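> My structure is below; once you've seen it, I'll send some questions.
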Number of protein chains: 4
Amino acid sequence: MTKRIAILGASGYAGGELIRLVDSHPDFDLAYLGAHSKAGKTLGSVHPHLPGADRVLGPNDPAAIGDIDLAFLALPHGASAEPAMTLLDNGVKVVDLGSDFRLDTTEQYEAVYGAAHPHPGQLGKWPYGLPEFFAKEIVGADRVAAPGCYPTSAILGLGPLHAAGLIGEDHLIVDAVSGVSGAGRGAKEGLMFGAVDEGVAAYGVLTHRHRPEMEQALAALGSAEPTVIFTPHLVPMQRGILSTCYAPLKPGVDEAAVNAAFETAYADTPFVSIVEGPPNTRWVVGTNRALVNPHFDPRTGCAIVVVVIDNLLKGAAGQAVQCANLMLGIEETAGLPTAGWMP
Amino acid sequence: MTKRIAILGASGYAGGELIRLVDSHPDFDLAYLGAHSKAGKTLGSVHPHLPGADRVLGPNDPAAIGDIDLAFLALPHGASAEPAMTLLDNGVKVVDLGSDFRLDTTEQYEAVYGAAHPHPGQLGKWPYGLPEFFAKEIVGADRVAAPGCYPTSAILGLGPLHAAGLIGEDHLIVDAVSGVSGAGRGAKEGLMFGAVDEGVAAYGVLTHRHRPEMEQALAALGSAEPTVIFTPHLVPMQRGILSTCYAPLKPGVDEAAVNAAFETAYADTPFVSIVEGPPNTRWVVGTNRALVNPHFDPRTGCAIVVVVIDNLLKGAAGQAVQCANLMLGIEETAGLPTAGWMP
Amino acid sequence: MTKRIAILGASGYAGGELIRLVDSHPDFDLAYLGAHSKAGKTLGSVHPHLPGADRVLGPNDPAAIGDIDLAFLALPHGASAEPAMTLLDNGVKVVDLGSDFRLDTTEQYEAVYGAAHPHPGQLGKWPYGLPEFFAKEIVGADRVAAPGCYPTSAILGLGPLHAAGLIGEDHLIVDAVSGVSGAGRGAKEGLMFGAVDEGVAAYGVLTHRHRPEMEQALAALGSAEPTVIFTPHLVPMQRGILSTCYAPLKPGVDEAAVNAAFETAYADTPFVSIVEGPPNTRWVVGTNRALVNPHFDPRTGCAIVVVVIDNLLKGAAGQAVQCANLMLGIEETAGLPTAGWMP
Amino acid sequence: MTKRIAILGASGYAGGELIRLVDSHPDFDLAYLGAHSKAGKTLGSVHPHLPGADRVLGPNDPAAIGDIDLAFLALPHGASAEPAMTLLDNGVKVVDLGSDFRLDTTEQYEAVYGAAHPHPGQLGKWPYGLPEFFAKEIVGADRVAAPGCYPTSAILGLGPLHAAGLIGEDHLIVDAVSGVSGAGRGAKEGLMFGAVDEGVAAYGVLTHRHRPEMEQALAALGSAEPTVIFTPHLVPMQRGILSTCYAPLKPGVDEAAVNAAFETAYADTPFVSIVEGPPNTRWVVGTNRALVNPHFDPRTGCAIVVVVIDNLLKGAAGQAVQCANLMLGIEETAGLPTAGWMP
């Protein structure tokens, strides 16, 4: 039976991708589009690349939504908590693409975001929406916190090693590059074409908020609690994240063990594939796929794992739909593209 | 009933887009993939962004294709004529994305290509595959010559004016910019990232082979035979053509007449829309859409018409599928995307 | 003798290039840097790519400048008039890179800018700073209005034809593409990397303010007053303008006459060269050069002229320095780069 | 006294930058340009962005060069050894930008390049041309092996820590991204605009030839022999390398010790600066500068050091000129740009 869907935060980049996916989903009916400053505008003026230009955006207000089955919240940090609770009270399932419900404890939340959570009792109650590792909690759930884009790539790269017990006591490193769309659509001097094109820079060195999320998710997958150093970089392209992950392995771990860990983890994952050579982000842009490329370095006993995703799809809107499918009892792959765009 | 489809020239950019479209088409079954130097390779090694990586490409040989209903030929100039004739003899419908059958006379063909046509009797017998103006000839046809990418944009911009009798004796100008994918996938020094990025250049000034095609198609739409000056430029982006067309109008033609010409021409076209402000190519990249933006200049009595298309879709693979739908009695819009990719 | 130079509007893109040029100019001493919102900041924080990071920007205030010989004003439209008059009163020569003093009559100015000029008596008294055509007025002048970037390219392409009397009564067309730096450094949603990259669009169709400037400058070069249709486009690159100019020629004009017009015009111009094939903007980016590539179309009797410049150098800061050299009695080419950047 | 300079391999990207630098160098006279397949062509046809277009390239043959003081060899791997020895025999100083003389032992050389060195006696006799650490050997030398682009950035990031004795037994990681120009100018399918634009990929994971060079140079700077994991990535931009280096520090090392190591190393280096926030490659593109941004992570006891250079200048042509200056007794900074290009 067709499910009625609402999208709050429809005017941003993730919102636009959600519209595209929901519009073409065989089991979804896009019933409501909400926005903040763009409320009242037509879709054509906000996302001129999408059909249905005459649709008008309403406010990001649960009271305006009407009768729906599930809502996607693609809102700035801190803006999800209130509408999420209202929607849940109204019996609407919620996928939050933001970071309001990802961390499990008030201590972590306050350390990372520097403020008290408005609904601290919710922390720890939202399944983490990475179906490759947490499908059991997601299936049938009424609320899911979709992962950040960087953590998605990092956990896909390091999770199999940790779950297989191959990671030792040393810190892990996630060195990632991202296209610009991850920084959102709002006008900022540092994101102008003139500032971004033809240059690369790191940012948030040792301070990025996605690092605690990585550590928490990894801790849930194995018996130890790995420490992560995370360095994100901005590169001049629209979409795509590539994370190169470095993991010192326990003594005696060899290449076969590394490969077996990945083969076990991704034996049945429709969107995650192991590839033999280093993948290009373009191979997955436009899709919900992730490509994982593990290496073992006998000189140092380390694994090096390269992971590519589309930050707006597997890293945001696509993964949210994947979670929604599982929450609603629909085929996990329904409505999710696997053919990319080249050139 | 599902139609069995073959694609020859599957390894190029247009070939890749044809695969993507045919794979997802509700009425098509992709039965054969042919290639030249990539024959014998897997699809995954040739188009790593597409699913079905294990499929193996065969040769560009009609004898190898088996039982199919329609073949798309995405081959270099001069390479279509022989397989096309063989396929037609075998009762297979053919859409040629190349230029072998676009010009209507041997004189034109020889003037443009500097060689005799191998099947001169075919010239003038292939409907020109621009459904917005030539649908009558395309519906049910067994052979169609799909237009070049630049002519598609130019005729969509100038055709309505000429069909409405508004164009006078003066020459028309088509000043166009194209993304790099129009130049194909083969390695050339001038198409390297280092050569293309951050620069713009004109090419083929007064000599580009698409100019005669534009003039021929325009002549078919009105009572005069307009002369065209065509200047293409290469810009540093993957996809998209923007053509700015300049047409001196007959004395007394006013803005209302210009607008009426476009409204008449595009009243019922599912893929072509008139827009009020200048469109960005990104609004159509990834789709089979064309956006047409006409202006009237009272100072000079000229129309200025800006047209944007995706050169690989409405300018190649998408238009070919649109034609195939009409040839096979399928809904014109079947399997053709209208939602684009941003950012 | 070394000249003391001030730059007002030093924080923008043209300001940054002026700093780079003046710093390395053999006869200039950079005595003052002024800015608006960035006043009080260090150069290192505003232009991290430039040496002398400890220099502090002052206000855009003539009273703060001290004893200087010449000031470059790289200010927004409307902001030049007052400081310019004060500086001239103080005996300081002024090159205005803005548009305050380019148009010659109050009628033109009010028609284009929709407001009265604060010093209408100045209009018509500022030499137009395109040395290739107006050097006589620029040499030794105390004030010069440097041309806009698009008019520079257009006049270099059409001026020789008009000066030679080859242009007839028909309208001229200037179809131009520009890199993004021409739109300035301020944060705007339409200039974000996500909005600009991988797309092309026209803007200001029939309404761009540079069109009257082109017509005025062309009128000064010949006996007729040509009408111009001007269509600018934004392309995804940082720098560079390419203008493709279309000029219907008087009956009987042939290719030899066209070529002679350009050879005459550019026989002794150190920065403008005629090239045989279509030039790439990258050949001039980083330099004060312009490359001009004329074609004659015997089918239509038109000239097609392709011109490339660096919009921030020959189209702004470089041309301003070229003018300043002439105003100050220095070698025209002093301090101006002719070696570009590739790749 | 002006030095007469030859450039062999003048047609490539590094060759083009050498021409630009030598042309504008106050103490250099560019006496000879050599090329391989482009011998006999004019400079204008090979590097249309450079002045002196009429200069004709000769062969890459020492016998054709005439009387010169120093030759820059910008040749493919393996092509430098023979002309270098001939030039040295003729009393010409040589800076080799290639990799023929960088490794110090035949064992290393054969392990990395899979072939015997043609002049094994030379290995270990060529000073390593990174003046910030090896100036003593470079000053007055008659031969210098200029470092690779990646090793330059890596050693600038890790050298100070190792020289100060802060690095322990654990492996170091160098995770680097590079613009496309590092891969050279020859046409390859993988370097086409269509293949590179809008995507990122790692390459040479665990196998890149620059890793042994990094380990050798680091070993020369401290008492231990660090092991390096090196992962280069290609990003869609023309120029620039950003290396993010990860170094586990000896127990007890703190932030002050890290900062002191860098301040000591770069107290007097004209081209290397320490910056407080993460630098963008654009801040150094067009210059011979390197910006070094060290961080200390108290959670893991690691240093994270971000380094940016222009791969064609500080990573190739600029560094070669810096070495030549020292070899010839000229001021180290002569002829080397410190003002970059933005936007």
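Numbering starts fresh at 1 for the residues of each chain in the structure tokens, the chains themselves are lettered A, B, ... in the order given, and ligands are numbered from 1 as they appear.
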May I ask you to extract the residues of chain A within 6 Å of chain D, using only C-alpha atoms, and to give them as a ChimeraX atom specification?
/A:194,198-202,237,278-282,343
> Using the chain letters and numbers from this document, which residues of range 104-175 of chain A does DSSP assign to strand (DSSP E), as a ChimeraX atom specification?
/A:143-145,172-175
> Just want the 8 Å neighbourhood of range 10-23 of chain C, counted on only C-alpha atoms, with same-chain residues fewer than 5 positions away dropped. Output as a list in words.
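Returned residues: Ile5, Phe28, Asp29, Leu30, Leu33, Gly34, Ala35, Lys38, Val46, His47, Leu50, Leu57, Ala74, Ser181, Gly184, Arg185, Leu312, Leu313, Ala316, Ala317, Gly318, Val321, Gly335 and Leu336 of chain C; Ala339, Met342 and Pro343 of chain D.
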> Which of these, B:Gly286, B:Gly52, B:Gly66, B:Gly148, has the shortest distance to Asp310 in chain B once you count only C-alpha atoms?
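The closest residue to Asp310 in chain B is B:Gly286.
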> Could you please write out, as a PDB file with all heavy atoms, in the first residue's frame, every residue of range 165-254 of chain A that DSSP assigns to alpha helix (DSSP H)?

```pdb
ATOM      1  N   PHE A 193      32.088  29.903  -5.574  1.00  0.00           N
ATOM      2  CA  PHE A 193      32.890  29.270  -6.613  1.00  0.00           C
ATOM      3  C   PHE A 193      34.317  29.822  -6.600  1.00  0.00           C
ATOM      4  O   PHE A 193      35.293  29.065  -6.689  1.00  0.00           O
ATOM      5  CB  PHE A 193      32.250  29.503  -7.979  1.00  0.00           C
ATOM      6  CG  PHE A 193      32.915  28.758  -9.087  1.00  0.00           C
ATOM      7  CD1 PHE A 193      32.544  27.455  -9.380  1.00  0.00           C
ATOM      8  CD2 PHE A 193      33.923  29.336  -9.841  1.00  0.00           C
ATOM      9  CE1 PHE A 193      33.167  26.746 -10.397  1.00  0.00           C
ATOM     10  CE2 PHE A 193      34.553  28.639 -10.861  1.00  0.00           C
ATOM     11  CZ  PHE A 193      34.169  27.344 -11.145  1.00  0.00           C
ATOM     12  N   GLY A 194      34.427  31.140  -6.458  1.00  0.00           N
ATOM     13  CA  GLY A 194      35.749  31.765  -6.453  1.00  0.00           C
ATOM     14  C   GLY A 194      36.624  31.318  -5.292  1.00  0.00           C
ATOM     15  O   GLY A 194      37.856  31.363  -5.370  1.00  0.00           O
ATOM     16  N   ALA A 195      36.017  30.867  -4.202  1.00  0.00           N
ATOM     17  CA  ALA A 195      36.785  30.429  -3.039  1.00  0.00           C
ATOM     18  C   ALA A 195      37.110  28.948  -3.089  1.00  0.00           C
ATOM     19  O   ALA A 195      38.117  28.507  -2.538  1.00  0.00           O
ATOM     20  CB  ALA A 195      36.014  30.750  -1.755  1.00  0.00           C
ATOM     21  N   VAL A 196      36.247  28.162  -3.732  1.00  0.00           N
ATOM     22  CA  VAL A 196      36.351  26.704  -3.663  1.00  0.00           C
ATOM     23  C   VAL A 196      37.064  26.116  -4.868  1.00  0.00           C
ATOM     24  O   VAL A 196      37.875  25.188  -4.725  1.00  0.00           O
ATOM     25  CB  VAL A 196      34.935  26.095  -3.553  1.00  0.00           C
ATOM     26  CG1 VAL A 196      34.971  24.589  -3.776  1.00  0.00           C
ATOM     27  CG2 VAL A 196      34.305  26.425  -2.211  1.00  0.00           C
ATOM     28  N   HIS A 210      31.619  15.010  13.601  1.00  0.00           N
ATOM     29  CA  HIS A 210      31.337  13.644  13.164  1.00  0.00           C
ATOM     30  C   HIS A 210      32.267  12.615  13.810  1.00  0.00           C
ATOM     31  O   HIS A 210      32.012  11.419  13.728  1.00  0.00           O
ATOM     32  CB  HIS A 210      31.445  13.550  11.634  1.00  0.00           C
ATOM     33  CG  HIS A 210      30.226  14.055  10.917  1.00  0.00           C
ATOM     34  ND1 HIS A 210      30.134  14.132   9.553  1.00  0.00           N
ATOM     35  CD2 HIS A 210      29.028  14.493  11.387  1.00  0.00           C
ATOM     36  CE1 HIS A 210      28.948  14.609   9.209  1.00  0.00           C
ATOM     37  NE2 HIS A 210      28.258  14.844  10.293  1.00  0.00           N
ATOM     38  N   ARG A 211      33.330  13.043  14.431  1.00  0.00           N
ATOM     39  CA  ARG A 211      34.262  12.088  15.035  1.00  0.00           C
ATOM     40  C   ARG A 211      33.625  11.322  16.202  1.00  0.00           C
ATOM     41  O   ARG A 211      33.695  10.077  16.227  1.00  0.00           O
ATOM     42  CB  ARG A 211      35.549  12.816  15.474  1.00  0.00           C
ATOM     43  CG  ARG A 211      36.686  11.898  15.804  1.00  0.00           C
ATOM     44  CD  ARG A 211      36.887  11.765  17.313  1.00  0.00           C
ATOM     45  NE  ARG A 211      37.143  13.063  17.917  1.00  0.00           N
ATOM     46  CZ  ARG A 211      36.791  13.356  19.150  1.00  0.00           C
ATOM     47  NH1 ARG A 211      36.170  12.466  19.916  1.00  0.00           N
ATOM     48  NH2 ARG A 211      37.046  14.559  19.647  1.00  0.00           N
ATOM     49  N   PRO A 212      32.980  11.991  17.145  1.00  0.00           N
ATOM     50  CA  PRO A 212      32.341  11.218  18.229  1.00  0.00           C
ATOM     51  C   PRO A 212      31.285  10.247  17.702  1.00  0.00           C
ATOM     52  O   PRO A 212      31.131   9.154  18.257  1.00  0.00           O
ATOM     53  CB  PRO A 212      31.701  12.318  19.097  1.00  0.00           C
ATOM     54  CG  PRO A 212      32.461  13.564  18.785  1.00  0.00           C
ATOM     55  CD  PRO A 212      32.891  13.447  17.367  1.00  0.00           C
ATOM     56  N   GLU A 213      30.595  10.644  16.640  1.00  0.00           N
ATOM     57  CA  GLU A 213      29.597   9.745  16.049  1.00  0.00           C
ATOM     58  C   GLU A 213      30.262   8.484  15.505  1.00  0.00           C
ATOM     59  O   GLU A 213      29.743   7.377  15.660  1.00  0.00           O
ATOM     60  CB  GLU A 213      28.855  10.514  14.944  1.00  0.00           C
ATOM     61  CG  GLU A 213      27.696   9.764  14.337  1.00  0.00           C
ATOM     62  CD  GLU A 213      27.066  10.556  13.190  1.00  0.00           C
ATOM     63  OE1 GLU A 213      27.115  11.807  13.209  1.00  0.00           O
ATOM     64  OE2 GLU A 213      26.541   9.910  12.260  1.00  0.00           O
ATOM     65  N   MET A 214      31.420   8.657  14.872  1.00  0.00           N
ATOM     66  CA  MET A 214      32.164   7.490  14.383  1.00  0.00           C
ATOM     67  C   MET A 214      32.558   6.577  15.541  1.00  0.00           C
ATOM     68  O   MET A 214      32.393   5.358  15.482  1.00  0.00           O
ATOM     69  CB  MET A 214      33.441   7.938  13.654  1.00  0.00           C
ATOM     70  CG  MET A 214      33.200   8.700  12.367  1.00  0.00           C
ATOM     71  SD  MET A 214      34.808   9.262  11.676  1.00  0.00           S
ATOM     72  CE  MET A 214      34.219  10.419  10.429  1.00  0.00           C
ATOM     73  N   GLU A 215      33.106   7.174  16.574  1.00  0.00           N
ATOM     74  CA  GLU A 215      33.580   6.365  17.702  1.00  0.00           C
ATOM     75  C   GLU A 215      32.431   5.609  18.368  1.00  0.00           C
ATOM     76  O   GLU A 215      32.565   4.447  18.749  1.00  0.00           O
ATOM     77  CB  GLU A 215      34.312   7.259  18.711  1.00  0.00           C
ATOM     78  CG  GLU A 215      35.645   7.776  18.161  1.00  0.00           C
ATOM     79  CD  GLU A 215      36.378   8.728  19.086  1.00  0.00           C
ATOM     80  OE1 GLU A 215      35.755   9.236  20.045  1.00  0.00           O
ATOM     81  OE2 GLU A 215      37.574   8.974  18.858  1.00  0.00           O
ATOM     82  N   GLN A 216      31.296   6.276  18.501  1.00  0.00           N
ATOM     83  CA  GLN A 216      30.142   5.629  19.137  1.00  0.00           C
ATOM     84  C   GLN A 216      29.652   4.446  18.297  1.00  0.00           C
ATOM     85  O   GLN A 216      29.366   3.366  18.831  1.00  0.00           O
ATOM     86  CB  GLN A 216      29.022   6.655  19.302  1.00  0.00           C
ATOM     87  CG  GLN A 216      27.720   6.055  19.794  1.00  0.00           C
ATOM     88  CD  GLN A 216      26.625   7.106  19.927  1.00  0.00           C
ATOM     89  OE1 GLN A 216      26.673   7.960  20.820  1.00  0.00           O
ATOM     90  NE2 GLN A 216      25.645   7.070  19.038  1.00  0.00           N
ATOM     91  N   ALA A 217      29.562   4.664  16.979  1.00  0.00           N
ATOM     92  CA  ALA A 217      29.057   3.580  16.130  1.00  0.00           C
ATOM     93  C   ALA A 217      30.045   2.423  16.087  1.00  0.00           C
ATOM     94  O   ALA A 217      29.644   1.254  16.111  1.00  0.00           O
ATOM     95  CB  ALA A 217      28.776   4.113  14.726  1.00  0.00           C
ATOM     96  N   LEU A 218      31.331   2.729  16.039  1.00  0.00           N
ATOM     97  CA  LEU A 218      32.311   1.651  16.044  1.00  0.00           C
ATOM     98  C   LEU A 218      32.266   0.880  17.364  1.00  0.00           C
ATOM     99  O   LEU A 218      32.350  -0.351  17.380  1.00  0.00           O
ATOM    100  CB  LEU A 218      33.722   2.212  15.797  1.00  0.00           C
ATOM    101  CG  LEU A 218      33.990   2.660  14.358  1.00  0.00           C
ATOM    102  CD1 LEU A 218      35.321   3.390  14.270  1.00  0.00           C
ATOM    103  CD2 LEU A 218      33.971   1.461  13.415  1.00  0.00           C
ATOM    104  N   ALA A 219      32.130   1.603  18.451  1.00  0.00           N
ATOM    105  CA  ALA A 219      32.086   0.936  19.751  1.00  0.00           C
ATOM    106  C   ALA A 219      30.937  -0.065  19.802  1.00  0.00           C
ATOM    107  O   ALA A 219      31.036  -1.119  20.450  1.00  0.00           O
ATOM    108  CB  ALA A 219      31.951   1.974  20.865  1.00  0.00           C
TER     109      ALA A 219
END
```
> For Gly159 in chain D, find every residue with an atom within 12 Å (counting only C-alpha atoms), except residues of its own chain fewer than 2 positions away, and show them as number ranges by chain.
D: 130, 132-134, 151-157, 161-167, 172, 214-226, 245, 247, 258, 261-262, 264-266, 292, 294, 305, 307
